[in-house]
Amino acid sequence: MHDGRLQFSIEARDGEARAARVSLPRGSYETPIFMPVGTYATVKAITPEELETLGAQVILSNAYHLFLRPGHERVRRLGGLQRFMGWERLILTDSGGYQLFSLRQQMTIDEDGVRFRSPIDGSPRRLGPERAMAVEAALGSDIAMAFDHCAPSDASKDAIVAALERTTRWARRCVGEPRPDHQARFGIVQGALDLELRERHVAELTPLGFDGYALGGLSVGEAPPEMHRVVRAVAPRMPADRPRYLMGVGRPEDLIVAIGAGIDMFDCVMPTRHARNGQLFTATGRIVITNAEHRDADAPIDDDCSCAVCRRFSRAYLRHLYTAKEILYSRLATYHNLHAFISLVRRAREAIREGRYAAFAAAELAARGEGSR
């Protein structure tokens, strides 16, 4: 299936860490990369122009949610997802397998996919590998994720094996589906916390020739050391000549560890969701803006941050906006948090290129520690 529409060029290595460039028909991006999440064709509380200013190269949208509303055919008629949302850079769409299987009691699964009722209007719906690929083709994203079965975090080993095997069968069907000339496809490695199953699944998916490979089914409730154990063991076994993507993992500490293990791509709602909920990221951890100590704080969120918010506004002002429920708070907090994440991976890339990633990672992890203040 890998037909050259995605070109992956490694520019530097430092241990397992890689700095690379990914070229696609409609643009390119540098790795390591953090992709802001725009589930419903919008990154909450921020405009496309602001995302460009922040240096976002790719954003993620969710095909399952857009299938339900406004509908993939409507997006196709309106010129595709980029035109629909006014975003001129690249888009990755998740097929929605994770969201579907999180419904659990409200869906039924068979070999052809998932039957469920729309959470919007209760209408019966079906989504399977062929339909998911058709939805992503209609949306016109630059990278489409294959349709997978993500077992719940409390699943038995038999259930995890069954989900893995179904994901492989569905992946074979996904690669045979038509797609736009500009669209790459990534496969998703499952297997929960079982290293043997993860490595088995890498071996099953690699011959299918996806343009890139992702680790799915992590950051679903397991302790960070358990997730790190899986990433460190499995990432180096994923194809070295394709992008490696860790789905839905977003603590800065996790990004630092995963980059060191050879992961190239990340997405997570954490910076945007935490921003709206009053948690702001700094170089030394998180602050909770509602804490009393920030009531009279004339300092910025982070003295070392160069973003427009930190150059202009104090913690006291942001705390006031939050407690007054002003919309501006969410916009400013989101801008800052996304800057923190995008800046982190940019600095990681520089460290890899300069051959000092181990020292960079150690310093970042030591500075952050744990907890919020």
# chains A, B, ... in the order shown; residues from 1 in each chain; ligands from 1

call {"tool": "residues_around", "arguments": {"residues": "segment 58-72 of chain A", "least_positions_apart": "6", "cutoff": "8 Å", "atoms": "only C-alpha atoms", "output": "ChimeraX atom specification"}}
result
/A:29,35-42,89-97,99-100,118,120,132,135-136,138-139,267

call {"tool": "write_last_selection", "arguments": {"atoms": "N, CA and C atoms", "output": "PDB file, in the first residue's frame"}}
result
ATOM      1  N   TYR A  29       5.632  18.463   7.429  1.00  0.00           N
ATOM      2  CA  TYR A  29       5.780  18.840   8.834  1.00  0.00           C
ATOM      3  C   TYR A  29       7.049  18.219   9.388  1.00  0.00           C
ATOM      4  N   MET A  35       0.241  17.661  17.834  1.00  0.00           N
ATOM      5  CA  MET A  35      -0.897  18.065  17.015  1.00  0.00           C
ATOM      6  C   MET A  35      -2.062  18.482  17.911  1.00  0.00           C
ATOM      7  N   PRO A  36      -2.465  19.759  17.888  1.00  0.00           N
ATOM      8  CA  PRO A  36      -3.647  20.165  18.647  1.00  0.00           C
ATOM      9  C   PRO A  36      -4.884  19.409  18.166  1.00  0.00           C
ATOM     10  N   VAL A  37      -5.786  19.147  19.097  1.00  0.00           N
ATOM     11  CA  VAL A  37      -6.978  18.357  18.786  1.00  0.00           C
ATOM     12  C   VAL A  37      -8.153  19.278  18.481  1.00  0.00           C
ATOM     13  N   GLY A  38      -8.702  19.111  17.277  1.00  0.00           N
ATOM     14  CA  GLY A  38      -9.902  19.836  16.855  1.00  0.00           C
ATOM     15  C   GLY A  38     -10.983  18.833  16.515  1.00  0.00           C
ATOM     16  N   THR A  39     -11.491  18.153  17.519  1.00  0.00           N
ATOM     17  CA  THR A  39     -12.400  17.018  17.344  1.00  0.00           C
ATOM     18  C   THR A  39     -13.524  17.324  16.368  1.00  0.00           C
ATOM     19  N   TYR A  40     -14.191  18.453  16.575  1.00  0.00           N
ATOM     20  CA  TYR A  40     -15.374  18.806  15.787  1.00  0.00           C
ATOM     21  C   TYR A  40     -15.040  19.824  14.693  1.00  0.00           C
ATOM     22  N   ALA A  41     -13.852  19.730  14.118  1.00  0.00           N
ATOM     23  CA  ALA A  41     -13.386  20.667  13.091  1.00  0.00           C
ATOM     24  C   ALA A  41     -13.126  22.048  13.679  1.00  0.00           C
ATOM     25  N   THR A  42     -12.777  22.087  14.947  1.00  0.00           N
ATOM     26  CA  THR A  42     -12.309  23.319  15.581  1.00  0.00           C
ATOM     27  C   THR A  42     -11.495  22.956  16.809  1.00  0.00           C
ATOM     28  N   ARG A  89      -3.220  24.322   6.651  1.00  0.00           N
ATOM     29  CA  ARG A  89      -2.135  23.356   6.817  1.00  0.00           C
ATOM     30  C   ARG A  89      -2.714  21.941   6.830  1.00  0.00           C
ATOM     31  N   LEU A  90      -2.020  20.999   7.424  1.00  0.00           N
ATOM     32  CA  LEU A  90      -2.397  19.591   7.300  1.00  0.00           C
ATOM     33  C   LEU A  90      -3.367  19.145   8.389  1.00  0.00           C
ATOM     34  N   ILE A  91      -4.133  18.090   8.073  1.00  0.00           N
ATOM     35  CA  ILE A  91      -5.117  17.531   9.003  1.00  0.00           C
ATOM     36  C   ILE A  91      -4.958  16.018   9.053  1.00  0.00           C
ATOM     37  N   LEU A  92      -4.967  15.474  10.261  1.00  0.00           N
ATOM     38  CA  LEU A  92      -5.051  14.037  10.498  1.00  0.00           C
ATOM     39  C   LEU A  92      -6.425  13.746  11.073  1.00  0.00           C
ATOM     40  N   THR A  93      -7.093  12.724  10.546  1.00  0.00           N
ATOM     41  CA  THR A  93      -8.378  12.324  11.118  1.00  0.00           C
ATOM     42  C   THR A  93      -8.256  10.964  11.781  1.00  0.00           C
ATOM     43  N   ASP A  94      -8.779  10.890  13.005  1.00  0.00           N
ATOM     44  CA  ASP A  94      -8.917   9.609  13.692  1.00  0.00           C
ATOM     45  C   ASP A  94     -10.223   8.983  13.229  1.00  0.00           C
ATOM     46  N   SER A  95     -10.222   7.681  13.032  1.00  0.00           N
ATOM     47  CA  SER A  95     -11.412   7.005  12.509  1.00  0.00           C
ATOM     48  C   SER A  95     -12.553   6.974  13.509  1.00  0.00           C
ATOM     49  N   GLY A  96     -12.243   7.083  14.796  1.00  0.00           N
ATOM     50  CA  GLY A  96     -13.294   7.064  15.809  1.00  0.00           C
ATOM     51  C   GLY A  96     -13.464   5.744  16.514  1.00  0.00           C
ATOM     52  N   GLY A  97     -12.580   4.784  16.248  1.00  0.00           N
ATOM     53  CA  GLY A  97     -12.701   3.494  16.914  1.00  0.00           C
ATOM     54  C   GLY A  97     -12.687   3.615  18.427  1.00  0.00           C
ATOM     55  N   GLN A  99     -13.555   6.170  20.317  1.00  0.00           N
ATOM     56  CA  GLN A  99     -14.789   6.773  20.814  1.00  0.00           C
ATOM     57  C   GLN A  99     -15.947   5.784  20.758  1.00  0.00           C
ATOM     58  N   LEU A 100     -16.016   5.007  19.681  1.00  0.00           N
ATOM     59  CA  LEU A 100     -17.094   4.028  19.561  1.00  0.00           C
ATOM     60  C   LEU A 100     -17.022   2.982  20.658  1.00  0.00           C
ATOM     61  N   SER A 118     -26.865   7.090  17.664  1.00  0.00           N
ATOM     62  CA  SER A 118     -26.235   8.402  17.702  1.00  0.00           C
ATOM     63  C   SER A 118     -26.495   9.067  19.050  1.00  0.00           C
ATOM     64  N   ILE A 120     -26.474  12.032  19.479  1.00  0.00           N
ATOM     65  CA  ILE A 120     -27.096  13.318  19.176  1.00  0.00           C
ATOM     66  C   ILE A 120     -28.611  13.196  19.100  1.00  0.00           C
ATOM     67  N   ALA A 132     -15.733   3.703   7.543  1.00  0.00           N
ATOM     68  CA  ALA A 132     -14.824   4.663   8.170  1.00  0.00           C
ATOM     69  C   ALA A 132     -13.848   5.241   7.149  1.00  0.00           C
ATOM     70  N   VAL A 135     -15.682   7.697   5.008  1.00  0.00           N
ATOM     71  CA  VAL A 135     -15.898   8.952   5.727  1.00  0.00           C
ATOM     72  C   VAL A 135     -14.631   9.797   5.696  1.00  0.00           C
ATOM     73  N   GLU A 136     -13.491   9.184   5.985  1.00  0.00           N
ATOM     74  CA  GLU A 136     -12.240   9.937   5.998  1.00  0.00           C
ATOM     75  C   GLU A 136     -11.854  10.406   4.598  1.00  0.00           C
ATOM     76  N   ALA A 138     -14.043  11.253   2.303  1.00  0.00           N
ATOM     77  CA  ALA A 138     -14.933  12.384   2.042  1.00  0.00           C
ATOM     78  C   ALA A 138     -14.461  13.636   2.772  1.00  0.00           C
ATOM     79  N   LEU A 139     -13.988  13.473   3.984  1.00  0.00           N
ATOM     80  CA  LEU A 139     -13.481  14.619   4.736  1.00  0.00           C
ATOM     81  C   LEU A 139     -12.234  15.200   4.077  1.00  0.00           C
ATOM     82  N   ASP A 267      -0.741  13.599  19.889  1.00  0.00           N
ATOM     83  CA  ASP A 267      -1.919  14.460  19.999  1.00  0.00           C
ATOM     84  C   ASP A 267      -2.507  14.258  21.376  1.00  0.00           C
TER      85      ASP A 267
END

call {"tool": "select_by_dssp", "arguments": {"residues": "segment 61-266 of chain A", "states": "alpha helix (DSSP H)", "output": "JSON list (two decimals) with N, CA and C atoms, in the first residue's frame"}}
result
[["chain", "number", "residue", "atom", "x", "y", "z"],
["A", 63, "ALA", "N", -13.20, 11.65, 12.77],
["A", 63, "ALA", "CA", -14.13, 11.28, 11.70],
["A", 63, "ALA", "C", -15.46, 10.78, 12.25],
["A", 64, "TYR", "N", -15.44, 10.08, 13.37],
["A", 64, "TYR", "CA", -16.68, 9.58, 13.97],
["A", 64, "TYR", "C", -17.61, 10.75, 14.32],
["A", 65, "HIS", "N", -17.08, 11.76, 14.99],
["A", 65, "HIS", "CA", -17.92, 12.89, 15.39],
["A", 65, "HIS", "C", -18.40, 13.68, 14.18],
["A", 66, "LEU", "N", -17.54, 13.84, 13.17],
["A", 66, "LEU", "CA", -17.94, 14.59, 11.98],
["A", 66, "LEU", "C", -18.90, 13.79, 11.11],
["A", 67, "PHE", "N", -18.82, 12.47, 11.17],
["A", 67, "PHE", "CA", -19.79, 11.58, 10.53],
["A", 67, "PHE", "C", -21.18, 11.82, 11.10],
["A", 68, "LEU", "N", -21.25, 12.01, 12.42],
["A", 68, "LEU", "CA", -22.54, 12.26, 13.07],
["A", 68, "LEU", "C", -23.04, 13.68, 12.83],
["A", 72, "HIS", "N", -20.20, 13.74, 6.82],
["A", 72, "HIS", "CA", -19.02, 13.77, 5.95],
["A", 72, "HIS", "C", -19.35, 14.20, 4.53],
["A", 73, "GLU", "N", -20.55, 13.85, 4.04],
["A", 73, "GLU", "CA", -20.90, 14.25, 2.68],
["A", 73, "GLU", "C", -21.12, 15.75, 2.59],
["A", 74, "ARG", "N", -21.65, 16.34, 3.65],
["A", 74, "ARG", "CA", -21.79, 17.80, 3.66],
["A", 74, "ARG", "C", -20.42, 18.46, 3.60],
["A", 75, "VAL", "N", -19.48, 17.94, 4.38],
["A", 75, "VAL", "CA", -18.12, 18.50, 4.36],
["A", 75, "VAL", "C", -17.51, 18.34, 2.97],
["A", 76, "ARG", "N", -17.74, 17.18, 2.34],
["A", 76, "ARG", "CA", -17.22, 16.98, 0.98],
["A", 76, "ARG", "C", -17.79, 18.02, 0.01],
["A", 77, "ARG", "N", -19.12, 18.23, 0.09],
["A", 77, "ARG", "CA", -19.76, 19.19, -0.81],
["A", 77, "ARG", "C", -19.24, 20.61, -0.60],
["A", 81, "LEU", "N", -12.46, 19.21, 4.49],
["A", 81, "LEU", "CA", -12.33, 19.66, 5.87],
["A", 81, "LEU", "C", -11.48, 20.92, 6.00],
["A", 82, "GLN", "N", -10.38, 21.01, 5.25],
["A", 82, "GLN", "CA", -9.54, 22.20, 5.36],
["A", 82, "GLN", "C", -10.30, 23.46, 4.98],
["A", 83, "ARG", "N", -11.00, 23.41, 3.86],
["A", 83, "ARG", "CA", -11.76, 24.59, 3.43],
["A", 83, "ARG", "C", -12.91, 24.86, 4.39],
["A", 84, "PHE", "N", -13.56, 23.81, 4.85],
["A", 84, "PHE", "CA", -14.71, 23.94, 5.75],
["A", 84, "PHE", "C", -14.33, 24.69, 7.02],
["A", 85, "MET", "N", -13.15, 24.39, 7.57],
["A", 85, "MET", "CA", -12.77, 25.00, 8.84],
["A", 85, "MET", "C", -11.75, 26.13, 8.69],
["A", 97, "GLY", "N", -12.58, 4.78, 16.25],
["A", 97, "GLY", "CA", -12.70, 3.49, 16.91],
["A", 97, "GLY", "C", -12.69, 3.61, 18.43],
["A", 98, "TYR", "N", -11.79, 4.44, 18.95],
["A", 98, "TYR", "CA", -11.69, 4.59, 20.40],
["A", 98, "TYR", "C", -12.99, 5.15, 20.97],
["A", 99, "GLN", "N", -13.55, 6.17, 20.32],
["A", 99, "GLN", "CA", -14.79, 6.77, 20.81],
["A", 99, "GLN", "C", -15.95, 5.78, 20.76],
["A", 100, "LEU", "N", -16.02, 5.01, 19.68],
["A", 100, "LEU", "CA", -17.09, 4.03, 19.56],
["A", 100, "LEU", "C", -17.02, 2.98, 20.66],
["A", 101, "PHE", "N", -15.84, 2.46, 20.89],
["A", 101, "PHE", "CA", -15.73, 1.38, 21.86],
["A", 101, "PHE", "C", -15.83, 1.88, 23.30],
["A", 129, "PRO", "N", -14.90, -0.80, 8.95],
["A", 129, "PRO", "CA", -13.68, -0.39, 8.26],
["A", 129, "PRO", "C", -13.92, 0.28, 6.91],
["A", 130, "GLU", "N", -14.83, -0.27, 6.12],
["A", 130, "GLU", "CA", -15.08, 0.33, 4.80],
["A", 130, "GLU", "C", -15.74, 1.70, 4.94],
["A", 131, "ARG", "N", -16.75, 1.77, 5.80],
["A", 131, "ARG", "CA", -17.45, 3.04, 5.97],
["A", 131, "ARG", "C", -16.54, 4.09, 6.58],
["A", 132, "ALA", "N", -15.73, 3.70, 7.54],
["A", 132, "ALA", "CA", -14.82, 4.66, 8.17],
["A", 132, "ALA", "C", -13.85, 5.24, 7.15],
["A", 133, "MET", "N", -13.32, 4.39, 6.27],
["A", 133, "MET", "CA", -12.39, 4.88, 5.25],
["A", 133, "MET", "C", -13.11, 5.79, 4.26],
["A", 134, "ALA", "N", -14.37, 5.49, 3.96],
["A", 134, "ALA", "CA", -15.15, 6.35, 3.06],
["A", 134, "ALA", "C", -15.41, 7.70, 3.71],
["A", 135, "VAL", "N", -15.68, 7.70, 5.01],
["A", 135, "VAL", "CA", -15.90, 8.95, 5.73],
["A", 135, "VAL", "C", -14.63, 9.80, 5.70],
["A", 136, "GLU", "N", -13.49, 9.18, 5.99],
["A", 136, "GLU", "CA", -12.24, 9.94, 6.00],
["A", 136, "GLU", "C", -11.85, 10.41, 4.60],
["A", 137, "ALA", "N", -12.18, 9.61, 3.59],
["A", 137, "ALA", "CA", -11.93, 10.05, 2.21],
["A", 137, "ALA", "C", -12.78, 11.27, 1.88],
["A", 138, "ALA", "N", -14.04, 11.25, 2.30],
["A", 138, "ALA", "CA", -14.93, 12.38, 2.04],
["A", 138, "ALA", "C", -14.46, 13.64, 2.77],
["A", 139, "LEU", "N", -13.99, 13.47, 3.98],
["A", 139, "LEU", "CA", -13.48, 14.62, 4.74],
["A", 139, "LEU", "C", -12.23, 15.20, 4.08],
["A", 157, "LYS", "N", -7.39, -10.80, 29.10],
["A", 157, "LYS", "CA", -6.42, -11.06, 28.04],
["A", 157, "LYS", "C", -7.11, -11.63, 26.81],
["A", 158, "ASP", "N", -8.10, -12.49, 26.99],
["A", 158, "ASP", "CA", -8.82, -13.04, 25.84],
["A", 158, "ASP", "C", -9.48, -11.93, 25.05],
["A", 159, "ALA", "N", -10.06, -10.95, 25.74],
["A", 159, "ALA", "CA", -10.72, -9.84, 25.05],
["A", 159, "ALA", "C", -9.70, -8.96, 24.33],
["A", 160, "ILE", "N", -8.54, -8.78, 24.94],
["A", 160, "ILE", "CA", -7.48, -7.98, 24.30],
["A", 160, "ILE", "C", -7.00, -8.67, 23.04],
["A", 161, "VAL", "N", -6.81, -9.98, 23.10],
["A", 161, "VAL", "CA", -6.38, -10.75, 21.92],
["A", 161, "VAL", "C", -7.44, -10.66, 20.83],
["A", 162, "ALA", "N", -8.71, -10.80, 21.20],
["A", 162, "ALA", "CA", -9.79, -10.74, 20.21],
["A", 162, "ALA", "C", -9.82, -9.37, 19.54],
["A", 163, "ALA", "N", -9.63, -8.29, 20.31],
["A", 163, "ALA", "CA", -9.63, -6.95, 19.74],
["A", 163, "ALA", "C", -8.43, -6.76, 18.81],
["A", 164, "LEU", "N", -7.29, -7.27, 19.21],
["A", 164, "LEU", "CA", -6.09, -7.18, 18.38],
["A", 164, "LEU", "C", -6.31, -7.91, 17.05],
["A", 165, "GLU", "N", -6.83, -9.12, 17.11],
["A", 165, "GLU", "CA", -7.03, -9.90, 15.89],
["A", 165, "GLU", "C", -8.07, -9.25, 14.99],
["A", 166, "ARG", "N", -9.12, -8.69, 15.58],
["A", 166, "ARG", "CA", -10.12, -8.00, 14.77],
["A", 166, "ARG", "C", -9.52, -6.75, 14.13],
["A", 167, "THR", "N", -8.68, -6.04, 14.88],
["A", 167, "THR", "CA", -8.02, -4.86, 14.32],
["A", 167, "THR", "C", -7.17, -5.23, 13.11],
["A", 168, "THR", "N", -6.49, -6.36, 13.16],
["A", 168, "THR", "CA", -5.70, -6.81, 12.02],
["A", 168, "THR", "C", -6.59, -7.11, 10.82],
["A", 169, "ARG", "N", -7.68, -7.83, 11.05],
["A", 169, "ARG", "CA", -8.59, -8.14, 9.94],
["A", 169, "ARG", "C", -9.18, -6.86, 9.35],
["A", 170, "TRP", "N", -9.55, -5.94, 10.20],
["A", 170, "TRP", "CA", -10.11, -4.69, 9.71],
["A", 170, "TRP", "C", -9.04, -3.87, 8.98],
["A", 171, "ALA", "N", -7.80, -3.91, 9.46],
["A", 171, "ALA", "CA", -6.72, -3.17, 8.80],
["A", 171, "ALA", "C", -6.54, -3.66, 7.37],
["A", 172, "ARG", "N", -6.62, -4.98, 7.17],
["A", 172, "ARG", "CA", -6.49, -5.53, 5.81],
["A", 172, "ARG", "C", -7.60, -5.00, 4.91],
["A", 173, "ARG", "N", -8.79, -4.83, 5.46],
["A", 173, "ARG", "CA", -9.90, -4.30, 4.68],
["A", 173, "ARG", "C", -9.72, -2.80, 4.43],
["A", 174, "CYS", "N", -9.19, -2.09, 5.41],
["A", 174, "CYS", "CA", -8.97, -0.65, 5.24],
["A", 174, "CYS", "C", -8.01, -0.35, 4.09],
["A", 175, "VAL", "N", -6.92, -1.12, 3.99],
["A", 175, "VAL", "CA", -5.92, -0.80, 2.98],
["A", 175, "VAL", "C", -6.44, -1.03, 1.57],
["A", 195, "LEU", "N", 3.43, -6.76, 26.36],
["A", 195, "LEU", "CA", 4.50, -6.51, 25.38],
["A", 195, "LEU", "C", 4.52, -7.56, 24.29],
["A", 196, "GLU", "N", 4.26, -8.80, 24.64],
["A", 196, "GLU", "CA", 4.26, -9.86, 23.64],
["A", 196, "GLU", "C", 3.17, -9.62, 22.61],
["A", 197, "LEU", "N", 1.98, -9.22, 23.07],
["A", 197, "LEU", "CA", 0.89, -8.94, 22.14],
["A", 197, "LEU", "C", 1.19, -7.71, 21.30],
["A", 198, "ARG", "N", 1.76, -6.69, 21.90],
["A", 198, "ARG", "CA", 2.12, -5.49, 21.14],
["A", 198, "ARG", "C", 3.10, -5.83, 20.03],
["A", 199, "GLU", "N", 4.13, -6.59, 20.36],
["A", 199, "GLU", "CA", 5.13, -6.94, 19.35],
["A", 199, "GLU", "C", 4.53, -7.84, 18.27],
["A", 200, "ARG", "N", 3.65, -8.73, 18.68],
["A", 200, "ARG", "CA", 2.94, -9.56, 17.70],
["A", 200, "ARG", "C", 2.15, -8.69, 16.74],
["A", 201, "HIS", "N", 1.48, -7.67, 17.28],
["A", 201, "HIS", "CA", 0.63, -6.85, 16.40],
["A", 201, "HIS", "C", 1.46, -6.00, 15.45],
["A", 202, "VAL", "N", 2.60, -5.50, 15.92],
["A", 202, "VAL", "CA", 3.51, -4.80, 15.00],
["A", 202, "VAL", "C", 3.87, -5.72, 13.84],
["A", 203, "ALA", "N", 4.19, -6.97, 14.14],
["A", 203, "ALA", "CA", 4.57, -7.93, 13.10],
["A", 203, "ALA", "C", 3.43, -8.21, 12.14],
["A", 204, "GLU", "N", 2.19, -8.19, 12.63],
["A", 204, "GLU", "CA", 1.04, -8.45, 11.76],
["A", 204, "GLU", "C", 0.73, -7.26, 10.86],
["A", 205, "LEU", "N", 0.89, -6.03, 11.38],
["A", 205, "LEU", "CA", 0.51, -4.85, 10.61],
["A", 205, "LEU", "C", 1.59, -4.38, 9.64],
["A", 224, "PRO", "N", 1.46, 5.98, 34.59],
["A", 224, "PRO", "CA", 2.47, 6.40, 33.62],
["A", 224, "PRO", "C", 3.65, 5.45, 33.47],
["A", 225, "PRO", "N", 4.22, 4.89, 34.55],
["A", 225, "PRO", "CA", 5.34, 3.96, 34.33],
["A", 225, "PRO", "C", 4.97, 2.75, 33.49],
["A", 226, "GLU", "N", 3.73, 2.28, 33.59],
["A", 226, "GLU", "CA", 3.29, 1.16, 32.77],
["A", 226, "GLU", "C", 3.23, 1.56, 31.30],
["A", 227, "MET", "N", 2.70, 2.74, 31.04],
["A", 227, "MET", "CA", 2.66, 3.22, 29.66],
["A", 227, "MET", "C", 4.07, 3.42, 29.12],
["A", 228, "HIS", "N", 4.94, 3.99, 29.92],
["A", 228, "HIS", "CA", 6.33, 4.20, 29.48],
["A", 228, "HIS", "C", 7.01, 2.87, 29.16],
["A", 229, "ARG", "N", 6.74, 1.86, 29.95],
["A", 229, "ARG", "CA", 7.32, 0.53, 29.72],
["A", 229, "ARG", "C", 6.93, 0.01, 28.34],
["A", 230, "VAL", "N", 5.66, 0.16, 27.98],
["A", 230, "VAL", "CA", 5.18, -0.31, 26.68],
["A", 230, "VAL", "C", 5.82, 0.49, 25.56],
["A", 231, "VAL", "N", 5.82, 1.81, 25.70],
["A", 231, "VAL", "CA", 6.35, 2.66, 24.63],
["A", 231, "VAL", "C", 7.83, 2.38, 24.41],
["A", 232, "ARG", "N", 8.59, 2.27, 25.48],
["A", 232, "ARG", "CA", 10.03, 2.03, 25.33],
["A", 232, "ARG", "C", 10.32, 0.68, 24.67],
["A", 233, "ALA", "N", 9.48, -0.31, 24.94],
["A", 233, "ALA", "CA", 9.71, -1.63, 24.38],
["A", 233, "ALA", "C", 9.24, -1.74, 22.94],
["A", 234, "VAL", "N", 8.11, -1.10, 22.62],
["A", 234, "VAL", "CA", 7.46, -1.35, 21.34],
["A", 234, "VAL", "C", 7.86, -0.34, 20.27],
["A", 252, "PRO", "N", 3.38, 16.44, 29.40],
["A", 252, "PRO", "CA", 4.72, 16.77, 28.91],
["A", 252, "PRO", "C", 5.75, 15.71, 29.27],
["A", 253, "GLU", "N", 5.65, 15.16, 30.49],
["A", 253, "GLU", "CA", 6.60, 14.13, 30.90],
["A", 253, "GLU", "C", 6.52, 12.90, 30.00],
["A", 254, "ASP", "N", 5.30, 12.56, 29.58],
["A", 254, "ASP", "CA", 5.12, 11.40, 28.71],
["A", 254, "ASP", "C", 5.69, 11.66, 27.32],
["A", 255, "LEU", "N", 5.52, 12.88, 26.82],
["A", 255, "LEU", "CA", 6.09, 13.23, 25.52],
["A", 255, "LEU", "C", 7.61, 13.11, 25.55],
["A", 256, "ILE", "N", 8.22, 13.59, 26.62],
["A", 256, "ILE", "CA", 9.68, 13.55, 26.73],
["A", 256, "ILE", "C", 10.18, 12.11, 26.71],
["A", 257, "VAL", "N", 9.53, 11.25, 27.49],
["A", 257, "VAL", "CA", 9.93, 9.84, 27.53],
["A", 257, "VAL", "C", 9.72, 9.19, 26.16],
["A", 258, "ALA", "N", 8.57, 9.44, 25.54],
["A", 258, "ALA", "CA", 8.24, 8.78, 24.28],
["A", 258, "ALA", "C", 9.14, 9.24, 23.14],
["A", 259, "ILE", "N", 9.48, 10.51, 23.10],
["A", 259, "ILE", "CA", 10.42, 10.98, 22.08],
["A", 259, "ILE", "C", 11.75, 10.24, 22.23],
["A", 260, "GLY", "N", 12.19, 10.05, 23.45],
["A", 260, "GLY", "CA", 13.42, 9.31, 23.69],
["A", 260, "GLY", "C", 13.35, 7.86, 23.27],
["A", 261, "ALA", "N", 12.12, 7.33, 23.16],
["A", 261, "ALA", "CA", 11.93, 5.94, 22.74],
["A", 261, "ALA", "C", 11.77, 5.81, 21.22]]

call {"tool": "residues_around", "arguments": {"residues": "Arg319 of chain A", "least_positions_apart": "5", "cutoff": "7 Å", "atoms": "only C-alpha atoms", "output": "list of chain:residue names"}}
result
A:Ile289, A:Thr290, A:His294, A:Arg295

call {"tool": "write_last_selection", "arguments": {"atoms": "C-alpha atoms", "output": "PDB file, in the first residue's frame"}}
result
ATOM      1  CA  ILE A 289      -5.174  29.416  38.463  1.00  0.00           C
ATOM      2  CA  THR A 290      -7.950  29.323  41.086  1.00  0.00           C
ATOM      3  CA  HIS A 294      -2.482  33.771  42.286  1.00  0.00           C
ATOM      4  CA  ARG A 295      -5.088  36.347  43.394  1.00  0.00           C
TER       5      ARG A 295
END

call {"tool": "residues_around", "arguments": {"residues": "Ile46 of chain A", "least_positions_apart": "3", "cutoff": "9 Å", "atoms": "only C-alpha atoms", "output": "PyMOL selection string"}}
result
chain A and resi 42-43+49-51+330-332+334-335

call {"tool": "closest_residue", "arguments": {"among": "A:Asp112, A:Arg251, A:Arg13, A:Ala363", "to": "His274 of chain A", "atoms": "only C-alpha atoms"}}
result
A:Arg251
